[in-house]
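Enquirer: Please read through the structure below; I'll follow up with questions.
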Amino acid sequence: MFLNQFLLLAAALFCIGVYGVIARKNGVMVLMSIELILNAVNINLVAFSAMWFNTPGANPLAGQVFALFVIAVAAAEVGVGLAIVLAIFRNYKTVDLDQVDLMKG
Amino acid sequence: MIGSLLAAAQNADAPVLVAQNVAFGIISVLMIYSAIRVVTAANVVHAAAFLVVVLAGVAALFILLGAEFVAITQVLVYIGAIVVLFLFGIMLTRAPMEGSEKMSRDNWALAALTGFVLLVLLGYTLWDGFGKNKIPADLQPTSTGALSDVIFGQYLVPFEVVSLLLLAALVGAIVIARRD
């Protein structure tokens, strides 16, 4: 297997996620697109970890450890993100991000 | 990908892992289709269901790369917890279920252009930089014991920081979502 198979698939996932973050109106859908981006990063980390498998002097497990850290941070991010979406829904009665323009961004 | 498969088939000195490559092809096609459906589906619950397919595909890729513990963690944390959290979020915000309302912004074409340009740039860079690198054919699955040795040895401090971060995020989520 080539390393590039995995890297290109991860790049495609990343770009689909970027499209979703920019184009979606619903706050929950934007969070889902962020999950796509984080998963693309995880594929990269684990693929590089597999590439260094039998290289002397390298630590082949570092990539997998960092993938686990990314999963933990993603769980924390989804918790806080959904809490923010719920707070927005309670105050604005909508999750349409176009109508949440208090800061005129 | 087909090109890389053909190149691998012509390269006689390297063993070709046919089963792994076929599995990779099926998984990647499923994942790309589902990922596109996640960002284009009109029904929010359908998008969450397609997200499950993408996350399961990532777990399958981890197994293909010999990272069994990461794959199981992916299934437990992502499919078991995060998707359920998303479904609760969809339920509580009463997001449109029929797809009658518009789900995309007016600038979706610009967003698609951004994604496409990014994909071309990333693809060229990866092709240029890692075109010859191969995953070792004698790749062995990582044992969970070895992984835990690394986590609780070399990466102990980052591990504790991550647990503190999870605690802080938990408290923050409760404070933000609480009605008072």
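Order determines the names: the first chain of the structure tokens is A, the second B, and so forth; residues in each chain are numbered 1 upward, and ligands are numbered 1 upward as they are shown.
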I need the contact residues of chain A against chain B, so if you could list those with any atom within 6 Å, counting only C-alpha atoms, and return them as a ChimeraX atom specification, that would help.
Expert: /A:1-3,15,19-20,22-25,51,76,80,83,87
Enquirer: Give me, as a list in words, all polymer residues having an atom no more than 9 Å from Leu9 (chain A), counting only C-alpha atoms and skipping those fewer than 2 positions away in the same chain.
Expert: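 Contacts, with the query itself left out: Asn4, Gln5, Phe6, Leu7, Ala11, Ala12, Leu13, Phe14, Ala40 and Ile43 of chain A; Ser28, Met31 and Ile32 of chain B.
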Enquirer: Which residues, written as a list in words, have at least one atom at most 6 Å from region 54-68 of chain A, with only C-alpha atoms counted and residues fewer than 5 positions away on the same chain left out?
Expert: Asn42, Leu45, Val46 and Ser49 of chain A
Enquirer: Using only C-alpha atoms, find the one residue out of B:Ile72, B:Met91, B:Ala60, B:Ile79 that sits nearest to Glu35 (chain A).
Expert: B:Ile79
Enquirer: Excluding Val70 (chain A) and any residue of its chain fewer than 6 positions from it, enumerate the residues within 9 Å of it, using only C-alpha atoms, and give them as a ChimeraX atom specification.
Expert: /A:38-39,41-42
Enquirer: Which is closer to Arg90 (chain A) than all the others in B:Asp128, B:Ser143, B:Asp180, B:Gly57, using only C-alpha atoms?
Expert: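 Closest to Arg90 (chain A), using only C-alpha atoms: B:Asp180.
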Enquirer: For CA of Ile84 (chain A) and CA of Lys104 (chain A), quote the distance in Å rounded to one decimal.
Expert: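 Spanning CA of Ile84 (chain A) to CA of Lys104 (chain A) is a straight-line distance of 18.1 Å.
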Enquirer: For a quick check of understanding, using only C-alpha atoms, which of A:Ile88, A:Ile71, A:Phe53, A:Leu82 has the smallest distance to Leu36 (chain A)?
Expert: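 Among the listed residues, the smallest separation from Leu36 (chain A) belongs to A:Ile71.
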Enquirer: With distances taken over only C-alpha atoms, which residue among A:Ala50, A:Val100, A:Ile34, A:Leu86 lies nearest Ala74 (chain A)?
Expert: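 Ranked by minimum distance to Ala74 (chain A), first place goes to A:Ile34.
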Enquirer: List every residue of region 34-92 of chain B that DSSP, applied to the backbone, labels as alpha helix (DSSP H), and write the result as a PyMOL selection string.
Expert: chain B and resi 34-40+44-64+68-73+83-92
Enquirer: Work out how far CA of Thr144 (chain B) is from CA of Val84 (chain B), in Å to one decimal.
Expert: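 One can read the CA of Val84 (chain B) to CA of Thr144 (chain B) distance as 26.5 Å.
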